[in-house]
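Trainee: This is my_file_13.txt (compact mmCIF, C-alpha atoms).
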# COMPACT_ATOMS: atom_id res chain seq x y z
CA MET A 1 0.00 0.00 0.00
CA LYS A 2 1.15 3.52 -0.80
CA ILE A 3 -0.04 5.98 1.84
CA ALA A 4 -0.07 9.78 1.48
CA PHE A 5 -0.17 12.13 4.50
CA THR A 6 -0.83 15.90 4.42
CA THR A 7 2.02 17.26 6.52
CA LYS A 8 3.81 20.42 7.58
CA GLY A 9 7.24 18.82 7.10
CA THR A 10 9.09 15.97 5.45
CA GLU A 11 9.79 13.60 8.39
CA TRP A 12 7.84 10.94 10.28
CA ASP A 13 7.88 13.32 13.26
CA SER A 14 6.50 16.25 11.27
CA PRO A 15 3.09 17.47 12.37
CA MET A 16 0.17 16.72 10.11
CA ASP A 17 -1.32 19.61 8.10
CA PRO A 18 -5.06 19.52 8.82
CA ARG A 19 -5.77 21.12 5.44
CA PHE A 20 -5.89 19.15 2.22
CA GLY A 21 -5.82 21.64 -0.68
CA ARG A 22 -3.36 23.97 1.01
CA THR A 23 -1.19 21.38 2.71
CA ASP A 24 2.49 22.30 2.79
CA TYR A 25 3.77 18.80 1.97
CA PHE A 26 2.70 15.29 1.21
CA LEU A 27 4.60 12.54 2.95
CA ILE A 28 4.36 9.32 0.91
CA TYR A 29 5.02 6.03 2.68
CA ASN A 30 5.36 2.89 0.60
CA GLU A 31 4.64 -0.06 2.89
CA GLU A 32 6.07 -2.60 0.40
CA ASN A 33 9.63 -1.32 0.48
CA ASP A 34 9.41 0.82 3.66
CA GLU A 35 10.33 3.91 1.65
CA LEU A 36 9.40 7.41 2.84
CA THR A 37 9.39 10.29 0.33
CA SER A 38 7.91 13.78 0.34
CA ILE A 39 6.31 16.15 -2.13
CA ASP A 40 6.63 19.91 -1.72
CA ASN A 41 3.24 21.63 -2.17
CA THR A 42 4.20 25.02 -0.66
CA ASP A 43 3.87 26.79 -4.04
CA VAL A 44 0.10 26.40 -3.61
CA ALA A 45 0.25 29.48 -1.35
CA GLU A 46 0.52 31.65 -4.46
CA ILE A 47 -2.77 30.33 -5.85
CA ALA A 48 -5.82 32.40 -4.98
CA HIS A 49 -8.44 30.00 -6.30
CA GLY A 50 -8.54 26.32 -7.13
CA ALA A 51 -5.94 25.04 -4.69
CA GLY A 52 -8.00 21.87 -4.13
CA PRO A 53 -8.02 20.51 -7.71
CA ARG A 54 -4.39 21.52 -8.21
CA THR A 55 -3.31 19.63 -5.10
CA VAL A 56 -5.31 16.57 -6.13
CA GLN A 57 -3.46 16.56 -9.40
CA LYS A 58 -0.10 16.65 -7.65
CA LEU A 59 -1.17 13.89 -5.29
CA PHE A 60 -2.44 11.63 -8.10
CA GLU A 61 0.96 11.71 -9.83
CA GLN A 62 2.15 9.59 -6.88
CA LYS A 63 -0.64 7.04 -7.41
CA PRO A 64 -1.30 6.52 -3.69
CA ASP A 65 -3.84 3.97 -2.42
CA VAL A 66 -4.65 5.82 0.79
CA LEU A 67 -4.83 9.50 1.82
CA ILE A 68 -4.60 10.48 5.49
CA THR A 69 -5.47 14.08 6.34
CA GLY A 70 -7.07 16.32 8.97
CA ASN A 71 -10.28 18.18 8.23
CA GLY A 72 -11.02 16.48 4.95
CA PRO A 73 -11.03 17.92 1.44
CA GLY A 74 -13.25 20.85 0.42
CA GLY A 75 -15.90 20.61 -2.29
CA ASN A 76 -13.74 21.03 -5.40
CA ALA A 77 -10.99 18.77 -4.08
CA ALA A 78 -13.54 16.11 -3.08
CA MET A 79 -14.99 16.13 -6.59
CA ALA A 80 -11.52 15.69 -8.09
CA LEU A 81 -10.52 13.00 -5.57
CA LYS A 82 -13.47 10.88 -6.72
CA GLN A 83 -11.60 10.32 -9.99
CA GLY A 84 -8.92 8.31 -8.28
CA ASN A 85 -9.55 5.00 -6.58
CA ILE A 86 -8.19 6.27 -3.29
CA LYS A 87 -9.34 5.65 0.29
CA ILE A 88 -9.53 8.83 2.37
CA PHE A 89 -9.14 8.98 6.15
CA THR A 90 -9.64 12.17 8.20
CA GLY A 91 -9.24 13.25 11.82
CA ALA A 92 -5.45 13.14 11.99
CA GLY A 93 -5.01 16.93 11.95
CA THR A 94 -3.40 17.28 15.38
CA MET A 95 -1.07 14.24 15.18
CA THR A 96 2.41 13.75 13.79
CA ALA A 97 2.65 11.73 10.58
CA LYS A 98 3.92 8.76 12.59
CA GLU A 99 1.00 8.96 15.02
CA ALA A 100 -1.38 9.32 12.09
CA TYR A 101 0.03 6.15 10.52
CA GLU A 102 -0.42 4.26 13.81
CA ALA A 103 -3.96 5.60 14.17
CA TYR A 104 -4.70 4.43 10.63
CA LYS A 105 -3.32 0.96 11.45
CA ASN A 106 -5.51 0.85 14.58
CA ASN A 107 -8.59 1.83 12.54
CA SER A 108 -9.11 4.90 14.73
CA LEU A 109 -9.36 7.39 11.85
CA GLU A 110 -12.57 8.28 10.12
CA LYS A 111 -13.01 6.94 6.60
CA ILE A 112 -14.92 9.11 4.13
CA MET B 1 -25.35 60.32 -11.48
CA LYS B 2 -24.42 56.97 -9.98
CA ILE B 3 -23.90 56.71 -6.23
CA SER B 4 -22.64 53.47 -4.76
CA ILE B 5 -23.07 52.72 -1.07
CA ALA B 6 -20.32 50.51 0.29
CA SER B 7 -18.91 49.86 3.74
CA GLY B 8 -16.04 47.50 4.25
CA LYS B 9 -17.59 46.00 7.37
CA GLY B 10 -20.87 44.17 6.92
CA GLY B 11 -24.00 45.14 8.80
CA THR B 12 -23.21 48.85 9.11
CA GLY B 13 -26.31 50.08 7.27
CA LYS B 14 -25.70 49.97 3.50
CA THR B 15 -29.20 48.70 2.82
CA THR B 16 -30.79 51.03 5.38
CA LEU B 17 -29.14 54.02 3.78
CA ALA B 18 -29.66 52.89 0.17
CA THR B 19 -33.38 52.13 0.57
CA ASN B 20 -34.21 55.24 2.59
CA LEU B 21 -32.16 57.54 0.40
CA ALA B 22 -33.78 56.12 -2.74
CA TYR B 23 -37.24 56.23 -1.22
CA LEU B 24 -37.01 59.85 -0.02
CA LEU B 25 -35.41 61.08 -3.25
CA SER B 26 -38.04 59.29 -5.37
CA GLN B 27 -40.74 61.48 -3.84
CA LYS B 28 -39.39 64.34 -5.96
CA SER B 29 -37.95 62.68 -9.08
CA PRO B 30 -37.34 59.20 -10.53
CA VAL B 31 -34.67 57.08 -8.85
CA ILE B 32 -33.21 53.67 -9.67
CA LEU B 33 -32.16 51.58 -6.72
CA ALA B 34 -30.04 48.55 -7.68
CA ASP B 35 -29.31 45.90 -5.07
CA LEU B 36 -25.84 44.66 -6.06
CA ASP B 37 -25.30 42.63 -2.90
CA VAL B 38 -26.27 39.67 -5.07
CA GLU B 39 -25.16 37.01 -2.59
CA GLU B 40 -27.66 38.27 -0.05
CA PRO B 41 -29.86 41.00 -1.50
CA ASN B 42 -32.15 42.49 1.14
CA SER B 43 -33.21 45.91 -0.13
CA GLY B 44 -36.33 44.08 -1.29
CA PHE B 45 -37.45 43.63 2.32
CA PHE B 46 -37.99 47.38 2.54
CA ILE B 47 -39.05 48.36 -0.96
CA LYS B 48 -42.42 46.81 -1.76
CA GLY B 49 -42.86 47.46 -5.44
CA LYS B 50 -44.85 45.75 -8.16
CA GLU B 51 -42.79 43.18 -10.03
CA ILE B 52 -42.64 44.11 -13.68
CA HIS B 53 -39.88 41.96 -15.12
CA GLU B 54 -37.68 38.99 -14.31
CA LYS B 55 -34.68 37.82 -16.28
CA LYS B 56 -32.44 34.81 -15.82
CA VAL B 57 -28.71 35.44 -15.93
CA PHE B 58 -26.29 33.02 -17.51
CA ARG B 59 -22.59 32.58 -17.62
CA MET B 60 -20.55 30.66 -20.21
CA ILE B 61 -18.54 27.69 -19.03
CA PRO B 62 -16.78 24.94 -20.96
CA GLU B 63 -18.24 21.45 -21.21
CA TRP B 64 -15.89 18.55 -21.86
CA ASP B 65 -16.52 16.41 -24.91
CA LYS B 66 -14.97 13.04 -24.11
CA GLU B 67 -15.31 11.75 -27.69
CA LYS B 68 -13.27 14.57 -29.22
CA CYS B 69 -10.65 14.92 -26.47
CA VAL B 70 -7.16 13.47 -27.04
CA LEU B 71 -6.03 14.26 -23.45
CA CYS B 72 -3.25 16.63 -24.55
CA GLY B 73 -3.68 18.67 -21.35
CA ASN B 74 -3.50 22.04 -23.09
CA CYS B 75 -6.70 23.17 -21.35
CA GLN B 76 -5.26 22.82 -17.86
CA ARG B 77 -2.03 24.55 -18.87
CA VAL B 78 -3.86 27.65 -20.12
CA CYS B 79 -6.39 27.87 -17.24
CA LYS B 80 -5.22 30.47 -14.74
CA PHE B 81 -7.89 29.51 -12.21
CA ASN B 82 -7.34 25.75 -11.94
CA ALA B 83 -10.91 25.36 -13.14
CA VAL B 84 -10.03 22.76 -15.77
CA ILE B 85 -7.84 19.84 -14.80
CA LYS B 86 -6.92 16.58 -16.43
CA LEU B 87 -6.91 13.58 -14.11
CA TRP B 88 -5.98 10.27 -15.71
CA GLU B 89 -8.34 9.87 -18.66
CA GLU B 90 -10.80 12.56 -17.62
CA VAL B 91 -10.96 16.34 -17.90
CA LEU B 92 -12.87 17.95 -15.05
CA VAL B 93 -14.43 21.41 -15.20
CA PHE B 94 -15.08 23.21 -11.91
CA ASN B 95 -17.93 25.61 -12.60
CA GLN B 96 -17.36 27.64 -9.44
CA LEU B 97 -13.71 28.25 -10.29
CA CYS B 98 -14.27 29.07 -13.97
CA HIS B 99 -14.03 32.79 -14.85
CA SER B 100 -15.53 32.29 -18.35
CA CYS B 101 -12.36 33.50 -20.07
CA TYR B 102 -12.74 31.01 -22.98
CA ALA B 103 -8.98 30.25 -23.05
CA CYS B 104 -9.36 26.46 -22.68
CA SER B 105 -12.17 26.38 -25.20
CA GLU B 106 -10.55 28.57 -27.85
CA LEU B 107 -7.13 26.95 -27.53
CA CYS B 108 -8.32 23.33 -27.56
CA PRO B 109 -6.91 21.78 -30.76
CA GLN B 110 -9.78 19.26 -30.83
CA ASN B 111 -12.58 21.71 -30.04
CA ALA B 112 -13.42 19.37 -27.15
CA LEU B 113 -14.40 22.13 -24.68
CA PRO B 114 -17.28 24.02 -26.27
CA MET B 115 -18.69 26.84 -24.13
CA LYS B 116 -22.21 26.25 -22.81
CA THR B 117 -24.63 28.51 -20.97
CA TYR B 118 -24.99 28.00 -17.25
CA GLU B 119 -27.61 29.74 -15.10
CA VAL B 120 -26.14 31.69 -12.17
CA GLY B 121 -28.97 33.90 -10.96
CA LYS B 122 -31.67 36.36 -11.89
CA ILE B 123 -32.45 40.05 -12.13
CA THR B 124 -35.87 41.26 -11.04
CA GLU B 125 -37.30 44.68 -11.70
CA PHE B 126 -39.90 46.28 -9.40
CA GLU B 127 -41.68 49.58 -9.60
CA GLN B 128 -43.08 51.72 -6.79
CA ASN B 129 -44.22 55.06 -8.21
CA ASN B 130 -41.03 56.93 -9.08
CA LEU B 131 -38.79 54.31 -7.55
CA HIS B 132 -37.42 51.65 -9.89
CA PHE B 133 -35.92 48.83 -7.89
CA ILE B 134 -33.62 46.32 -9.62
CA GLU B 135 -32.47 43.29 -7.67
CA GLY B 136 -29.67 40.94 -8.66
CA LYS B 137 -29.84 37.58 -6.89
CA LEU B 138 -27.31 34.78 -7.17
CA ASN B 139 -28.57 31.18 -7.20
CA VAL B 140 -27.88 29.21 -4.02
CA GLY B 141 -24.48 27.53 -4.23
CA GLU B 142 -23.00 29.97 -6.76
CA GLU B 143 -19.75 31.54 -5.66
CA GLN B 144 -19.05 34.19 -8.27
CA ALA B 145 -20.90 37.43 -7.67
CA VAL B 146 -19.02 39.64 -10.13
CA PRO B 147 -20.66 38.54 -13.43
CA LEU B 148 -24.15 39.02 -11.97
CA ILE B 149 -23.27 42.42 -10.47
CA LYS B 150 -22.02 43.50 -13.89
CA GLU B 151 -25.21 42.21 -15.58
CA THR B 152 -27.38 44.03 -13.04
CA ILE B 153 -25.61 47.33 -13.69
CA ASP B 154 -25.80 46.71 -17.46
CA PHE B 155 -29.53 46.04 -17.07
CA THR B 156 -30.09 49.49 -15.56
CA ASN B 157 -27.96 51.06 -18.30
CA HIS B 158 -29.91 49.38 -21.11
CA ASN B 159 -33.36 49.96 -19.68
CA TYR B 160 -33.22 53.44 -18.22
CA SER B 161 -32.09 56.83 -19.37
CA SER B 162 -28.70 57.85 -18.01
CA ASP B 163 -30.30 61.06 -16.65
CA ILE B 164 -31.98 59.12 -13.86
CA LEU B 165 -30.19 58.97 -10.52
CA ARG B 166 -28.86 55.51 -9.68
CA ILE B 167 -28.21 54.29 -6.17
CA PHE B 168 -26.26 51.05 -5.82
CA ASP B 169 -26.47 48.96 -2.66
CA ALA B 170 -23.01 47.35 -2.80
CA PRO B 171 -21.85 44.15 -1.11
CA PRO B 172 -19.68 44.30 2.03
CA GLY B 173 -15.94 43.74 2.03
CA THR B 174 -13.21 45.10 -0.20
CA SER B 175 -12.77 42.35 -2.79
CA CYS B 176 -13.81 41.90 -6.43
CA PRO B 177 -17.61 42.19 -5.90
CA VAL B 178 -17.16 45.58 -4.20
CA ILE B 179 -14.84 46.79 -6.97
CA GLU B 180 -17.45 45.78 -9.57
CA ALA B 181 -20.24 47.53 -7.63
CA THR B 182 -18.28 50.77 -7.21
CA LYS B 183 -15.99 51.16 -10.22
CA SER B 184 -18.63 52.69 -12.51
CA ALA B 185 -20.07 54.99 -9.81
CA ASP B 186 -19.46 58.75 -9.78
CA TYR B 187 -19.56 58.99 -6.01
CA ILE B 188 -19.15 56.47 -3.21
CA ILE B 189 -20.70 56.69 0.24
CA LEU B 190 -18.89 54.56 2.81
CA ILE B 191 -21.14 53.84 5.76
CA THR B 192 -19.59 52.67 8.98
CA GLU B 193 -20.24 52.35 12.70
CA PRO B 194 -18.25 54.16 15.40
CA THR B 195 -16.55 51.03 16.75
CA PRO B 196 -13.01 49.65 16.42
CA PHE B 197 -14.29 47.04 13.92
CA GLY B 198 -16.10 49.72 11.95
CA LEU B 199 -13.00 51.91 11.81
CA HIS B 200 -10.69 49.04 10.90
CA ASP B 201 -12.76 48.03 7.90
CA LEU B 202 -13.49 51.64 6.96
CA LYS B 203 -9.76 52.19 6.57
CA LEU B 204 -9.57 49.22 4.18
CA ALA B 205 -12.52 50.56 2.18
CA VAL B 206 -10.92 54.03 2.04
CA GLU B 207 -7.72 52.48 0.67
CA VAL B 208 -9.73 50.78 -2.07
CA MET B 209 -11.56 53.98 -3.01
CA ARG B 210 -8.30 55.90 -3.16
CA GLU B 211 -6.80 53.18 -5.35
CA LEU B 212 -9.85 53.47 -7.65
CA LYS B 213 -9.45 57.29 -7.55
CA LYS B 214 -13.04 57.70 -6.44
CA ASP B 215 -14.68 60.70 -4.88
CA PHE B 216 -16.17 59.52 -1.59
CA GLY B 217 -17.54 60.51 1.79
CA VAL B 218 -18.36 58.77 5.06
CA ILE B 219 -21.58 58.35 7.04
CA ILE B 220 -21.57 57.08 10.61
CA ASN B 221 -24.51 54.86 11.47
CA ARG B 222 -25.52 53.91 15.02
CA TYR B 223 -23.92 57.11 16.16
CA GLY B 224 -23.75 57.19 19.94
CA ILE B 225 -22.21 53.77 20.52
CA GLY B 226 -18.46 53.09 20.55
CA ASN B 227 -16.11 56.07 20.47
CA ASP B 228 -15.08 59.12 18.44
CA ASP B 229 -12.20 57.47 16.59
CA VAL B 230 -14.04 57.39 13.26
CA VAL B 231 -14.79 61.12 13.46
CA GLN B 232 -11.14 61.78 14.32
CA TYR B 233 -9.95 59.53 11.49
CA CYS B 234 -12.12 61.37 8.94
CA GLU B 235 -10.79 64.71 10.17
CA ASP B 236 -7.18 63.53 10.04
CA GLU B 237 -7.59 62.08 6.58
CA ARG B 238 -9.69 65.03 5.33
CA ILE B 239 -12.54 62.73 4.36
CA PRO B 240 -15.93 64.49 4.26
CA LEU B 241 -18.28 63.29 7.00
CA LEU B 242 -21.65 63.39 5.26
CA GLY B 243 -23.83 62.67 8.26
CA LYS B 244 -24.59 60.65 11.34
CA ILE B 245 -27.52 58.33 11.84
CA PRO B 246 -28.37 57.97 15.54
CA ASN B 247 -28.28 54.64 17.35
CA MET B 248 -31.85 53.77 18.41
CA LYS B 249 -33.35 50.53 19.64
CA LYS B 250 -36.57 51.52 17.87
CA ALA B 251 -34.65 51.51 14.60
CA ALA B 252 -33.55 47.90 15.07
CA GLU B 253 -37.14 46.92 15.90
CA ALA B 254 -38.59 48.64 12.84
CA TYR B 255 -35.82 47.21 10.63
CA SER B 256 -36.56 43.68 11.83
CA LYS B 257 -40.15 44.14 10.69
CA GLY B 258 -39.09 45.31 7.24
CA GLU B 259 -40.21 48.90 7.86
CA LEU B 260 -38.51 51.80 6.11
CA LEU B 261 -36.85 53.75 8.91
CA SER B 262 -37.51 57.10 7.27
CA GLU B 263 -41.21 56.30 7.52
CA ALA B 264 -41.16 54.69 10.96
CA ILE B 265 -38.78 56.95 12.89
CA PRO B 266 -38.78 60.76 12.55
CA GLU B 267 -35.23 61.16 13.96
CA ILE B 268 -33.84 58.83 11.29
CA ARG B 269 -35.86 60.53 8.58
CA SER B 270 -34.39 63.84 9.60
CA ALA B 271 -30.84 62.40 9.68
CA ILE B 272 -31.27 61.11 6.14
CA LEU B 273 -32.76 64.40 4.96
CA ASP B 274 -29.67 66.12 6.40
CA ILE B 275 -27.49 63.72 4.43
CA ILE B 276 -29.43 64.56 1.24
CA LYS B 277 -28.94 68.27 1.96
CA ASN B 278 -25.24 67.68 2.49
CA LEU B 279 -24.94 65.74 -0.78
CA GLN B 280 -26.77 68.57 -2.58
CA ASP B 281 -24.39 71.16 -1.08
CA ARG B 282 -21.50 69.07 -2.39
CA GLU B 283 -23.24 68.87 -5.78
CA VAL B 284 -23.30 65.08 -5.60
CA LEU B 285 -27.10 65.37 -5.84
CA LEU B 286 -29.01 67.98 -7.79
As structure tokens, what does this structure read like?

Mentor:
Amino acid sequence: MKIAFTTKGTEWDSPMDPRFGRTDYFLIYNEENDELTSIDNTDVAEIAHGAGPRTVQKLFEQKPDVLITGNGPGGNAAMALKQGNIKIFTGAGTMTAKEAYEAYKNNSLEKI
Amino acid sequence: MKISIASGKGGTGKTTLATNLAYLLSQKSPVILADLDVEEPNSGFFIKGKEIHEKKVFRMIPEWDKEKCVLCGNCQRVCKFNAVIKLWEEVLVFNQLCHSCYACSELCPQNALPMKTYEVGKITEFEQNNLHFIEGKLNVGEEQAVPLIKETIDFTNHNYSSDILRIFDAPPGTSCPVIEATKSADYIILITEPTPFGLHDLKLAVEVMRELKKDFGVIINRYGIGNDDVVQYCEDERIPLLGKIPNMKKAAEAYSKGELLSEAIPEIRSAILDIIKNLQDREVLL
């Protein structure tokens, strides 16, 4: 499974970013080979409108199976996310990425 | 003459001023009152005219033709608003993000994004003696006010002689909808309340009006609450203070029943008549 986290940094200990469309980074964890990579999304700050769809596009390039985030995507992002066969879990906004991964493993996140 | 009534802060009395000003002025000569706060028009609560016309307003947005599309992605490259994106084998159009610029449609080599009409709201015209009331109203769920504000102003231009006084009830804030509702006006009235919030947002509105190089003045509503900082600010900045509308509990009660304050409360009527006099002295009104 390839798991994407919305984060404020690029490490396992980085805090989660509760926002989806305007997340600073994506942390991508590949469970198969235990590889952790990150995607910089900070340039989204310059976009006035349409951050959601733009971020979805960036996320989909990574072909993740699971997305773990905080508040959940907004309307436009949610519509775009439907195009990918991706499971979305919310409620991890105040955790670190590591804690969010553990919470996901323990089924304590909310699936939407 | 076109006068736009704006505020910065919401709930400071734009509609109260616009409706009462239009109503009192219409007793002498014809007046057009246009409610340009299209996301939440409420002048209509106070002006009870006879409906004479209703018109649907449309916007053009692209519609993806899957058969013609070769997924080249040119559309998403040219869209400045992220309203068209290609995801895998699909092109998605986000109506609420689209600014109807036609770039994706015109530059599509396959002609796979033809522009289609899309209903965004309506314009309704009412008549009460000499008062012509035009209301723009956005459909629920629509996010873009600017195209409908523009259409509502165009509607008054096409249907009425330019000699008739126009009063625009603008939306709150200082963003695109306010620019659209004020940029064609000859004079702007900024109405505020004498509180720190009122002053803070008044300053933002003043900055916008100066940027637009507009002639403007300030009215203080609910005068008597808060402090004198707004008066001081207007003096310091040499902004004309056009009048003060007193704070009265009776006014809030009458407002909540949809009564015109100039009819219900003599003190408010007299404050608005003073404002009219002041605008006449400044040759904003004839």

Trainee: Hey, what's within 12 Å of Glu102 of chain A if we count all atoms listed in the file and toss same-chain stuff fewer than 6 positions away? As a PDB file with C-alpha atoms, in the frame of the given file, please?

Mentor:
ATOM      1  CA  TRP A  12       7.840  10.940  10.280  1.00  0.00           C
ATOM      2  CA  ILE A  68      -4.600  10.480   5.490  1.00  0.00           C
ATOM      3  CA  ALA A  92      -5.450  13.140  11.990  1.00  0.00           C
ATOM      4  CA  MET A  95      -1.070  14.240  15.180  1.00  0.00           C
ATOM      5  CA  THR A  96       2.410  13.750  13.790  1.00  0.00           C
ATOM      6  CA  SER A 108      -9.110   4.900  14.730  1.00  0.00           C
ATOM      7  CA  LEU A 109      -9.360   7.390  11.850  1.00  0.00           C
TER       8      LEU A 109
END

Trainee: With a distance threshold of 9 Å and counting all atoms listed in the file, extract the residues of chain A near chain B and express them as number ranges by chain.

Mentor: A: 47-54, 56-57, 60, 76, 79-80, 83-84

Trainee: Could you tell me how far atom CA of Ala254 of chain B lies from atom CA of Phe46 of chain B, in Å and to one decimal?

Mentor: 10.4 Å

Trainee: From the options B:Val57, B:Ala145, B:Cys234, B:Leu71, which residue's atoms come nearest to Ala181 of chain B, counting all atoms listed in the file?

Mentor: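 Answer, going by the shortest atom-to-atom distance: B:Ala145.
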
Trainee: To one decimal in Å, tell me the separation between atom CA of Lys50 of chain B and atom CA of Pro30 of chain B.

Mentor: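 Going from atom CA of Lys50 of chain B over to atom CA of Pro30 of chain B, I get 15.6 Å.
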
Trainee: Out of B:Lys55, B:Ser105, B:Trp64, B:Cys79, which residue has the shortest atom-to-atom distance to Glu119 of chain B when counting only C-alpha atoms?

Mentor: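 Checking each of B:Lys55, B:Ser105, B:Trp64, B:Cys79 against Glu119 of chain B, counting only C-alpha atoms, the winner is B:Lys55.
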
Trainee: Using all atoms listed in the file, determine which residues lie at most 12 Å from Gln128 of chain B, disregarding the query and same-chain residues fewer than 2 positions distant; provide the list as a short mmCIF file (atom, residue, chain, number, x, y, z; two decimals) with C-alpha atoms, in the frame of the given file.

Mentor:
data_model
loop_
_atom_site.label_atom_id
_atom_site.label_comp_id
_atom_site.auth_asym_id
_atom_site.auth_seq_id
_atom_site.Cartn_x
_atom_site.Cartn_y
_atom_site.Cartn_z
CA ALA B 22 -33.78 56.12 -2.74
CA TYR B 23 -37.24 56.23 -1.22
CA SER B 26 -38.04 59.29 -5.37
CA GLN B 27 -40.74 61.48 -3.84
CA PRO B 30 -37.34 59.20 -10.53
CA VAL B 31 -34.67 57.08 -8.85
CA ILE B 32 -33.21 53.67 -9.67
CA LEU B 33 -32.16 51.58 -6.72
CA GLY B 44 -36.33 44.08 -1.29
CA PHE B 46 -37.99 47.38 2.54
CA ILE B 47 -39.05 48.36 -0.96
CA LYS B 48 -42.42 46.81 -1.76
CA GLY B 49 -42.86 47.46 -5.44
CA LYS B 50 -44.85 45.75 -8.16
CA GLU B 51 -42.79 43.18 -10.03
CA ILE B 52 -42.64 44.11 -13.68
CA GLU B 125 -37.30 44.68 -11.70
CA PHE B 126 -39.90 46.28 -9.40
CA ASN B 130 -41.03 56.93 -9.08
CA LEU B 131 -38.79 54.31 -7.55
CA HIS B 132 -37.42 51.65 -9.89
CA PHE B 133 -35.92 48.83 -7.89
CA ILE B 134 -33.62 46.32 -9.62
#

Trainee: Measuring between only C-alpha atoms, which one of B:Leu260, B:Ile239, B:Cys176, B:Cys104 shows the shortest distance to Glu143 of chain B?

Mentor: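 Selected residue with least distance to Glu143 of chain B: B:Cys176.
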
Trainee: For Cys69 of chain B, find every residue with an atom within 8 Å (counting all atoms listed in the file), except residues of its own chain fewer than 4 positions away, and show them as a list of chain:residue names.

Mentor: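 Result of the neighbour search: B:Trp64, B:Asp65, B:Gln110, B:Asn111, B:Ala112.
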
Trainee: Out of A:Thr23, A:Ile28, A:Tyr104, A:Glu46, which residue has the shortest atom-to-atom distance to Gly72 of chain A when counting all atoms listed in the file?

Mentor: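 Among the listed residues, A:Thr23 lies closest to Gly72 of chain A.
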
Trainee: If we count all atoms listed in the file, what is near Phe216 of chain B at a cut-off of 8 Å, once residues fewer than 2 positions away on the same chain are taken out, given as a ChimeraX atom specification?

Mentor: /B:187-190,209,214,218,239-240

Trainee: Using all atoms listed in the file, can you tell me which of B:Glu142, B:Ile5, B:Thr174, B:Ser100 comes closest to Glu207 of chain B?

Mentor: B:Thr174

Trainee: How many Å lie between atom CA of Asn20 of chain B and atom CA of Asp186 of chain B, rounded to one decimal?

Mentor: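 So the two atoms, atom CA of Asn20 of chain B and atom CA of Asp186 of chain B, lie 19.6 Å apart.
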
Trainee: Show me, as an MDAnalysis selection string, the residues that have an atom within 10 Å of Thr90 of chain A when counting all atoms listed in the file, minus same-chain residues fewer than 3 positions from it.

Mentor: chainID A and resid 18 20 67:73 93 100 104 108:112

Trainee: How about saving the chosen residues, C-alpha atoms kept, as a short mmCIF file (atom, residue, chain, number, x, y, z; two decimals), in the frame of the given file?

Mentor:
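The file below, part.cif, is the result:
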data_model
loop_
_atom_site.label_atom_id
_atom_site.label_comp_id
_atom_site.auth_asym_id
_atom_site.auth_seq_id
_atom_site.Cartn_x
_atom_site.Cartn_y
_atom_site.Cartn_z
CA PRO A 18 -5.06 19.52 8.82
CA PHE A 20 -5.89 19.15 2.22
CA LEU A 67 -4.83 9.50 1.82
CA ILE A 68 -4.60 10.48 5.49
CA THR A 69 -5.47 14.08 6.34
CA GLY A 70 -7.07 16.32 8.97
CA ASN A 71 -10.28 18.18 8.23
CA GLY A 72 -11.02 16.48 4.95
CA PRO A 73 -11.03 17.92 1.44
CA GLY A 93 -5.01 16.93 11.95
CA ALA A 100 -1.38 9.32 12.09
CA TYR A 104 -4.70 4.43 10.63
CA SER A 108 -9.11 4.90 14.73
CA LEU A 109 -9.36 7.39 11.85
CA GLU A 110 -12.57 8.28 10.12
CA LYS A 111 -13.01 6.94 6.60
CA ILE A 112 -14.92 9.11 4.13
#

Trainee: Taking into account all atoms listed in the file, which residue in the set B:Asn129, B:Thr12, B:Thr19, B:Thr152 is nearest to Tyr223 of chain B?

Mentor: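 Closest to Tyr223 of chain B, using all atoms listed in the file: B:Thr12.
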
Trainee: Can you put N, CA and C atoms back into segment 53-60 of chain B and show it as an mmCIF file, in the coordinates of the input?

Mentor:
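Final output, result28.cif:
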data_model
loop_
_atom_site.group_PDB
_atom_site.id
_atom_site.type_symbol
_atom_site.label_atom_id
_atom_site.label_comp_id
_atom_site.auth_asym_id
_atom_site.auth_seq_id
_atom_site.Cartn_x
_atom_site.Cartn_y
_atom_site.Cartn_z
ATOM 1 N N HIS B 53 -40.705 42.720 -14.180
ATOM 2 C CA HIS B 53 -39.880 41.960 -15.120
ATOM 3 C C HIS B 53 -38.926 41.053 -14.356
ATOM 4 N N GLU B 54 -38.695 39.869 -14.904
ATOM 5 C CA GLU B 54 -37.680 38.990 -14.310
ATOM 6 C C GLU B 54 -36.869 38.367 -15.433
ATOM 7 N N LYS B 55 -35.579 38.310 -15.221
ATOM 8 C CA LYS B 55 -34.680 37.820 -16.280
ATOM 9 C C LYS B 55 -33.651 36.880 -15.675
ATOM 10 N N LYS B 56 -33.479 35.730 -16.289
ATOM 11 C CA LYS B 56 -32.440 34.810 -15.820
ATOM 12 C C LYS B 56 -31.084 35.261 -16.326
ATOM 13 N N VAL B 57 -30.063 35.038 -15.525
ATOM 14 C CA VAL B 57 -28.710 35.440 -15.930
ATOM 15 C C VAL B 57 -27.850 34.194 -16.098
ATOM 16 N N PHE B 58 -27.129 34.175 -17.193
ATOM 17 C CA PHE B 58 -26.290 33.020 -17.510
ATOM 18 C C PHE B 58 -24.827 33.413 -17.595
ATOM 19 N N ARG B 59 -24.007 32.410 -17.459
ATOM 20 C CA ARG B 59 -22.590 32.580 -17.620
ATOM 21 C C ARG B 59 -22.150 31.490 -18.599
ATOM 22 N N MET B 60 -21.025 31.685 -19.290
ATOM 23 C CA MET B 60 -20.550 30.660 -20.210
ATOM 24 C C MET B 60 -19.457 29.845 -19.526
#
